[in-house]
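File shown here: entry-v3.cif, holding mmCIF, C-alpha atoms and all ligand atoms.
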data_query
#
loop_
_atom_site.group_PDB
_atom_site.id
_atom_site.type_symbol
_atom_site.label_atom_id
_atom_site.label_comp_id
_atom_site.auth_asym_id
_atom_site.auth_seq_id
_atom_site.Cartn_x
_atom_site.Cartn_y
_atom_site.Cartn_z
ATOM 1 C CA MET E 1 -18.145 -31.893 28.696
ATOM 2 C CA SER E 2 -15.772 -29.363 27.188
ATOM 3 C CA THR E 3 -16.770 -26.960 24.468
ATOM 4 C CA ARG E 4 -15.579 -27.892 21.075
ATOM 5 C CA ALA E 5 -14.201 -25.562 18.408
ATOM 6 C CA ALA E 6 -14.326 -26.275 14.718
ATOM 7 C CA THR E 7 -11.576 -28.659 13.733
ATOM 8 C CA GLN E 8 -12.041 -28.181 10.028
ATOM 9 C CA GLY E 9 -12.177 -25.210 7.726
ATOM 10 C CA ILE E 10 -11.540 -21.537 8.277
ATOM 11 C CA LEU E 11 -12.729 -21.500 11.932
ATOM 12 C CA SER E 12 -10.194 -24.109 13.028
ATOM 13 C CA ALA E 13 -7.212 -23.145 15.203
ATOM 14 C CA GLU E 14 -4.741 -24.026 12.505
ATOM 15 C CA SER E 15 -6.393 -21.566 10.083
ATOM 16 C CA ALA E 16 -5.845 -18.586 12.423
ATOM 17 C CA GLU E 17 -3.327 -16.858 10.185
ATOM 18 C CA LYS E 18 -5.369 -17.293 7.023
ATOM 19 C CA ARG E 19 -8.449 -16.115 8.908
ATOM 20 C CA GLU E 20 -6.724 -12.872 9.849
ATOM 21 C CA GLU E 21 -5.724 -12.299 6.241
ATOM 22 C CA ILE E 22 -9.321 -12.823 5.105
ATOM 23 C CA VAL E 23 -10.732 -10.537 7.818
ATOM 24 C CA GLU E 24 -8.372 -7.821 6.573
ATOM 25 C CA LEU E 25 -9.577 -8.266 2.987
ATOM 26 C CA LEU E 26 -13.202 -8.226 4.155
ATOM 27 C CA THR E 27 -12.623 -5.072 6.201
ATOM 28 C CA ARG E 28 -11.284 -3.290 3.129
ATOM 29 C CA ALA E 29 -14.336 -4.491 1.181
ATOM 30 C CA TYR E 30 -16.592 -3.221 3.976
ATOM 31 C CA TRP E 31 -15.086 0.283 3.756
ATOM 32 C CA MET E 32 -15.304 0.300 -0.038
ATOM 33 C CA GLU E 33 -19.030 -0.416 0.227
ATOM 34 C CA ILE E 34 -19.551 2.271 2.875
ATOM 35 C CA GLU E 35 -17.753 4.850 0.740
ATOM 36 C CA SER E 36 -19.826 3.844 -2.297
ATOM 37 C CA VAL E 37 -22.982 4.390 -0.244
ATOM 38 C CA MET E 38 -21.802 7.942 0.554
ATOM 39 C CA SER E 39 -20.737 8.722 -3.013
ATOM 40 C CA TYR E 40 -23.827 7.227 -4.639
ATOM 41 C CA LEU E 41 -26.061 9.024 -2.172
ATOM 42 C CA ALA E 42 -24.545 12.410 -3.088
ATOM 43 C CA ASN E 43 -24.638 11.600 -6.798
ATOM 44 C CA SER E 44 -28.230 10.393 -6.627
ATOM 45 C CA VAL E 45 -29.223 13.860 -5.412
ATOM 46 C CA ASN E 46 -26.901 16.385 -7.096
ATOM 47 C CA PRO E 47 -27.281 15.878 -10.866
ATOM 48 C CA ASP E 48 -29.388 18.405 -12.783
ATOM 49 C CA GLY E 49 -31.121 18.171 -16.141
ATOM 50 C CA VAL E 50 -33.509 16.036 -18.155
ATOM 51 C CA ARG E 51 -30.933 13.305 -18.672
ATOM 52 C CA ALA E 52 -30.001 13.202 -14.990
ATOM 53 C CA GLN E 53 -33.170 11.414 -13.955
ATOM 54 C CA GLU E 54 -32.172 7.943 -15.158
ATOM 55 C CA ILE E 55 -28.758 8.174 -13.480
ATOM 56 C CA ARG E 56 -30.238 9.423 -10.222
ATOM 57 C CA GLU E 57 -32.800 6.623 -10.057
ATOM 58 C CA SER E 58 -30.215 4.013 -10.892
ATOM 59 C CA LEU E 59 -27.907 5.253 -8.127
ATOM 60 C CA GLN E 60 -30.792 5.364 -5.661
ATOM 61 C CA SER E 61 -31.293 1.635 -6.073
ATOM 62 C CA ASP E 62 -27.540 0.939 -6.017
ATOM 63 C CA ILE E 63 -27.273 2.620 -2.590
ATOM 64 C CA GLN E 64 -29.453 -0.160 -1.186
ATOM 65 C CA ASP E 65 -27.369 -2.850 -2.918
ATOM 66 C CA GLU E 66 -24.087 -1.446 -1.575
ATOM 67 C CA LEU E 67 -25.504 -1.037 1.931
ATOM 68 C CA GLY E 68 -26.632 -4.669 1.816
ATOM 69 C CA HIS E 69 -23.126 -5.686 0.733
ATOM 70 C CA ALA E 70 -21.605 -3.746 3.667
ATOM 71 C CA GLN E 71 -23.925 -5.643 6.020
ATOM 72 C CA GLN E 72 -22.908 -8.970 4.496
ATOM 73 C CA PHE E 73 -19.200 -8.142 4.778
ATOM 74 C CA GLY E 74 -19.730 -7.001 8.391
ATOM 75 C CA ASN E 75 -21.517 -10.210 9.330
ATOM 76 C CA ARG E 76 -18.823 -12.336 7.751
ATOM 77 C CA ILE E 77 -16.079 -10.397 9.597
ATOM 78 C CA LYS E 78 -17.839 -11.291 12.853
ATOM 79 C CA GLU E 79 -18.300 -14.933 11.891
ATOM 80 C CA LEU E 80 -14.527 -15.112 11.349
ATOM 81 C CA TYR E 81 -13.968 -13.820 14.929
ATOM 82 C CA GLY E 82 -13.175 -10.286 13.738
ATOM 83 C CA VAL E 83 -14.708 -6.980 14.819
ATOM 84 C CA VAL E 84 -16.403 -4.532 12.459
ATOM 85 C CA PRO E 85 -14.447 -1.245 12.738
ATOM 86 C CA GLY E 86 -15.892 2.071 13.917
ATOM 87 C CA SER E 87 -16.226 5.221 11.851
ATOM 88 C CA LEU E 88 -12.964 6.760 13.109
ATOM 89 C CA GLU E 89 -11.049 4.174 11.109
ATOM 90 C CA PHE E 90 -12.625 5.269 7.843
ATOM 91 C CA LYS E 91 -10.212 6.606 5.200
ATOM 92 C CA PRO E 92 -11.793 7.998 2.019
ATOM 93 C CA GLU E 93 -10.343 7.005 -1.370
ATOM 94 C CA GLN E 94 -12.970 7.884 -3.986
ATOM 95 C CA SER E 95 -11.484 11.186 -5.204
ATOM 96 C CA TYR E 96 -13.053 10.453 -8.615
ATOM 97 C CA LEU E 97 -16.606 10.477 -7.239
ATOM 98 C CA GLN E 98 -16.614 13.962 -5.747
ATOM 99 C CA PRO E 99 -19.303 16.342 -7.051
ATOM 100 C CA PRO E 100 -18.370 17.827 -10.465
ATOM 101 C CA GLU E 101 -18.063 21.579 -11.104
ATOM 102 C CA GLN E 102 -21.323 21.546 -13.067
ATOM 103 C CA GLN E 103 -24.195 19.417 -11.802
ATOM 104 C CA THR E 104 -25.168 18.688 -15.424
ATOM 105 C CA ASP E 105 -21.819 16.921 -15.936
ATOM 106 C CA LEU E 106 -23.210 13.394 -15.978
ATOM 107 C CA VAL E 107 -20.214 11.874 -17.751
ATOM 108 C CA HIS E 108 -18.127 12.723 -14.673
ATOM 109 C CA VAL E 109 -20.603 10.852 -12.464
ATOM 110 C CA ILE E 110 -20.897 7.855 -14.799
ATOM 111 C CA GLU E 111 -17.115 7.540 -15.131
ATOM 112 C CA GLY E 112 -16.769 7.789 -11.343
ATOM 113 C CA VAL E 113 -19.241 4.969 -10.809
ATOM 114 C CA ILE E 114 -17.423 2.834 -13.382
ATOM 115 C CA GLU E 115 -14.154 3.462 -11.520
ATOM 116 C CA ALA E 116 -15.713 2.479 -8.166
ATOM 117 C CA GLU E 117 -17.314 -0.674 -9.558
ATOM 118 C CA SER E 118 -14.095 -1.695 -11.321
ATOM 119 C CA GLY E 119 -12.186 -1.280 -8.055
ATOM 120 C CA ALA E 120 -14.716 -3.437 -6.226
ATOM 121 C CA ILE E 121 -14.574 -6.097 -8.931
ATOM 122 C CA GLU E 122 -10.761 -6.222 -8.669
ATOM 123 C CA HIS E 123 -10.797 -6.486 -4.885
ATOM 124 C CA TYR E 124 -13.551 -9.121 -4.805
ATOM 125 C CA ASN E 125 -11.703 -11.245 -7.352
ATOM 126 C CA ARG E 126 -8.737 -11.054 -4.980
ATOM 127 C CA ILE E 127 -10.902 -12.302 -2.074
ATOM 128 C CA ILE E 128 -12.325 -15.122 -4.177
ATOM 129 C CA GLU E 129 -8.771 -16.258 -4.946
ATOM 130 C CA ALA E 130 -7.549 -15.858 -1.346
ATOM 131 C CA THR E 131 -10.418 -17.963 0.019
ATOM 132 C CA ASP E 132 -10.170 -20.722 -2.569
ATOM 133 C CA GLY E 133 -9.989 -24.162 -1.004
ATOM 134 C CA ILE E 134 -9.960 -22.780 2.561
ATOM 135 C CA ASP E 135 -13.031 -20.606 3.175
ATOM 136 C CA TRP E 136 -15.868 -21.727 0.946
ATOM 137 C CA ALA E 137 -18.580 -19.721 2.696
ATOM 138 C CA THR E 138 -16.793 -16.383 2.257
ATOM 139 C CA GLN E 139 -15.967 -17.309 -1.297
ATOM 140 C CA ASP E 140 -19.594 -18.163 -2.067
ATOM 141 C CA MET E 141 -20.829 -14.893 -0.545
ATOM 142 C CA VAL E 142 -18.291 -12.786 -2.432
ATOM 143 C CA ILE E 143 -19.031 -14.503 -5.748
ATOM 144 C CA GLU E 144 -22.642 -13.451 -5.366
ATOM 145 C CA ILE E 145 -21.666 -9.872 -4.483
ATOM 146 C CA LEU E 146 -19.246 -9.819 -7.433
ATOM 147 C CA ARG E 147 -22.123 -10.511 -9.751
ATOM 148 C CA ASP E 148 -24.001 -7.456 -8.417
ATOM 149 C CA GLU E 149 -20.941 -5.263 -9.055
ATOM 150 C CA GLU E 150 -20.540 -6.663 -12.566
ATOM 151 C CA ARG E 151 -24.192 -5.851 -13.209
ATOM 152 C CA HIS E 152 -23.680 -2.285 -11.882
ATOM 153 C CA LEU E 153 -20.584 -1.863 -14.040
ATOM 154 C CA ARG E 154 -22.304 -3.139 -17.155
ATOM 155 C CA LEU E 155 -25.254 -0.804 -16.659
ATOM 156 C CA PHE E 156 -23.057 2.276 -16.302
ATOM 157 C CA GLU E 157 -20.889 1.267 -19.249
ATOM 158 C CA GLY E 158 -24.113 1.317 -21.262
ATOM 159 C CA PHE E 159 -24.967 4.783 -19.932
ATOM 160 C CA LEU E 160 -21.493 6.029 -20.875
ATOM 161 C CA ARG E 161 -21.802 4.687 -24.405
ATOM 162 C CA GLU E 162 -25.050 6.582 -24.907
ATOM 163 C CA PHE E 163 -23.764 9.806 -23.334
ATOM 164 C CA LYS E 164 -20.603 9.777 -25.427
ATOM 165 C CA GLU E 165 -22.532 9.192 -28.651
ATOM 166 C CA SER E 166 -24.711 12.269 -28.253
HETATM 167 FE FE FE E 201 -21.190 -3.412 -3.495
HETATM 168 FE FE FE E 202 -21.771 -1.777 -6.989
#

The structure in this file should be written as C-alpha cells.
Amino acid sequence: MSTRAATQGILSAESAEKREEIVELLTRAYWMEIESVMSYLANSVNPDGVRAQEIRESLQSDIQDELGHAQQFGNRIKELYGVVPGSLEFKPEQSYLQPPEQQTDLVHVIEGVIEAESGAIEHYNRIIEATDGIDWATQDMVIEILRDEERHLRLFEGFLREFKES
C-alpha cells in the first residue's frame, strides 16, 4: 500500500506554487505578530502617569493575543509544509512604536498601536483574498485573527479620541 497525499485543496501537488505564496504571506504575518509582542511589551511597561494605567493594562492583554496569533501563524506554516523561521531572519519595521522622548507621551503610544493594527489589518485582508477558493482553512483562521485586530484597532481609536479631546 503506498502512502497517499492530498489530491484536493491546498496540500495537493498541483497547488505547490500557491502554497509557497501563502507560506510567504503567513511568514510575514508571523513576524508582524512577533514584533507587536516586543513593542507592546515595552509600551506596557514604560508609560508614566495616572492616565497611563489603562493603556498599560490594555497592552498587557494584547501581548497575549498577539503571541497567540504568532503561534497560529506558525502552526499553519508547518501544516502547509513550510518551516517557521529562526530569530536571525527577523527584520524590525515598527519605527513608530519606539519609546517616546517622554514616558508620559501616551498619544505617541496610542498612535503607534493604531499604525501597527492597521498594518496587520491590511496584510490579513491580503491573505484572505489570496486564499479565497483555494485554502479555506487558512482563510478561516485569518478571518478570526482579523477580527481580533479590528477589535484592538477600535479600542485604541477610542483611547485616541479621548486623549485628543482633553
Ligand atoms: Fe495579532
Ligand atoms: Fe492586534

Using only C-alpha atoms and all ligand atoms, I'd like a table of the residues in chain E that come within 10 Å of ligand FE 201 (chain E); for each, show the closest atom pair and its distance in Å rounded to one decimal, ordered by chain and ascending number, as a tab-separated table.
residue	atom	partner	partner_atom	distance
E:Ala29	CA	E:FE201	FE	8.4
E:Tyr30	CA	E:FE201	FE	8.8
E:Met32	CA	E:FE201	FE	7.8
E:Glu33	CA	E:FE201	FE	5.2
E:Ile34	CA	E:FE201	FE	8.7
E:Glu35	CA	E:FE201	FE	9.9
E:Ser36	CA	E:FE201	FE	7.5
E:Val37	CA	E:FE201	FE	8.6
E:Asp62	CA	E:FE201	FE	8.1
E:Ile63	CA	E:FE201	FE	8.6
E:Gln64	CA	E:FE201	FE	9.2
E:Asp65	CA	E:FE201	FE	6.2
E:Glu66	CA	E:FE201	FE	4.0
E:Leu67	CA	E:FE201	FE	7.3
E:Gly68	CA	E:FE201	FE	7.7
E:His69	CA	E:FE201	FE	5.2
E:Ala70	CA	E:FE201	FE	7.2
E:Gln72	CA	E:FE201	FE	9.9
E:Phe73	CA	E:FE201	FE	9.7
E:Ala116	CA	E:FE201	FE	9.3
E:Glu117	CA	E:FE201	FE	7.7
E:Ala120	CA	E:FE201	FE	7.0
E:Ile121	CA	E:FE201	FE	9.0
E:Tyr124	CA	E:FE201	FE	9.6
E:Val142	CA	E:FE201	FE	9.9
E:Ile145	CA	E:FE201	FE	6.6
E:Leu146	CA	E:FE201	FE	7.8
E:Arg147	CA	E:FE201	FE	9.5
E:Asp148	CA	E:FE201	FE	7.0
E:Glu149	CA	E:FE201	FE	5.9
E:Glu150	CA	E:FE201	FE	9.7
E:His152	CA	E:FE201	FE	8.8

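Note on the selection: in this file the PyMOL selection byres (((chain E and resi 52) around 12) and not hetatm) comes out as Asn43, Ser44, Val45, Asn46, Pro47, Asp48, Gly49, Val50, Arg51, Gln53, Glu54, Ile55, Arg56, Glu57, Ser58, Leu59, Gln103, Thr104, Asp105, Leu106, Val107, His108, Val109, Ile110, Phe159 and Phe163 of chain E.
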
For the selection just defined, write its residues with C-alpha atoms to a file, as a CSV table (one decimal), in the frame of the given file.
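What landed in selection.csv:
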chain,number,residue,atom,x,y,z
E,43,ASN,CA,-24.6,11.6,-6.8
E,44,SER,CA,-28.2,10.4,-6.6
E,45,VAL,CA,-29.2,13.9,-5.4
E,46,ASN,CA,-26.9,16.4,-7.1
E,47,PRO,CA,-27.3,15.9,-10.9
E,48,ASP,CA,-29.4,18.4,-12.8
E,49,GLY,CA,-31.1,18.2,-16.1
E,50,VAL,CA,-33.5,16.0,-18.2
E,51,ARG,CA,-30.9,13.3,-18.7
E,53,GLN,CA,-33.2,11.4,-14.0
E,54,GLU,CA,-32.2,7.9,-15.2
E,55,ILE,CA,-28.8,8.2,-13.5
E,56,ARG,CA,-30.2,9.4,-10.2
E,57,GLU,CA,-32.8,6.6,-10.1
E,58,SER,CA,-30.2,4.0,-10.9
E,59,LEU,CA,-27.9,5.3,-8.1
E,103,GLN,CA,-24.2,19.4,-11.8
E,104,THR,CA,-25.2,18.7,-15.4
E,105,ASP,CA,-21.8,16.9,-15.9
E,106,LEU,CA,-23.2,13.4,-16.0
E,107,VAL,CA,-20.2,11.9,-17.8
E,108,HIS,CA,-18.1,12.7,-14.7
E,109,VAL,CA,-20.6,10.9,-12.5
E,110,ILE,CA,-20.9,7.9,-14.8
E,159,PHE,CA,-25.0,4.8,-19.9
E,163,PHE,CA,-23.8,9.8,-23.3

*When distances are computed from all atoms listed in the file, which of E:Thr131, E:Asn125, E:Asn75, E:Ser61 shows the smallest separation from ligand FE 202 (chain E)?*
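Using all atoms listed in the file, the shortest distance to ligand FE 202 (chain E) belongs to E:Ser61.
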
*Which residue, E:Lys18, E:Arg28, E:Lys91, E:Arg151, has the smallest gap to ligand FE 202 (chain E) when you use only C-alpha atoms and all ligand atoms?*
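Between E:Lys18, E:Arg28, E:Lys91, E:Arg151, the residue approaching ligand FE 202 (chain E) most closely is E:Arg151.
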
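Nearest residue to ligand FE 202 (chain E), choosing from E:Gln94, E:Ser12, E:Ser118, E:Thr27 and counting only C-alpha atoms and all ligand atoms: E:Ser118.
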
_What does the structure give for the distance between atom CA of Leu25 of chain E and atom CA of Ile127 of chain E, in Å to one decimal?_
6.6 Å

*Selection: 12 Å around Glu79 of chain E, only C-alpha atoms, excl. self and same-chain fewer than 3 positions, as a ChimeraX atom specification*: /E:10-11,19-20,22-23,26,72-76,82-84,135,137-138

*Which of these residues is nearest to ligand FE 202 (chain E), using only C-alpha atoms and all ligand atoms: E:Glu144, E:Glu24, E:Glu101, E:Glu17?*
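Among E:Glu144, E:Glu24, E:Glu101, E:Glu17, it is E:Glu144 that comes nearest to ligand FE 202 (chain E).
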
*asked:* Rounded to one decimal, what separation in Å do you get between atom CA of Glu165 of chain E and atom CA of Met38 of chain E?
replied: 29.2 Å

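Remark: for ligand FE 202 (chain E), the closest of the candidate residues E:Leu155, E:Ile128, E:Ile134, E:Leu88 is E:Leu155 (distances computed over all atoms listed in the file).
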
*asked:* As an exercise, work out the distance from atom CA of Gly119 of chain E to atom CA of Gln98 of chain E in Å and give it to one decimal place.
replied: 16.0 Å

*Of the candidates E:Gly158, E:Leu80, E:Gln60, E:Pro100, which shows the shortest atom-to-atom distance to ligand FE 202 (chain E), using all atoms listed in the file?*
E:Gln60

*Step by step: start from the point (-17.9, 2.9, -16.4) in the file's coordinates, keep every protein, DNA or RNA residue that has an atom no farther than 7 Å from it, count all atoms listed in the file, and write the set as a PyMOL selection string.*
chain E and resi 110-111+113-115+153+156-157+160
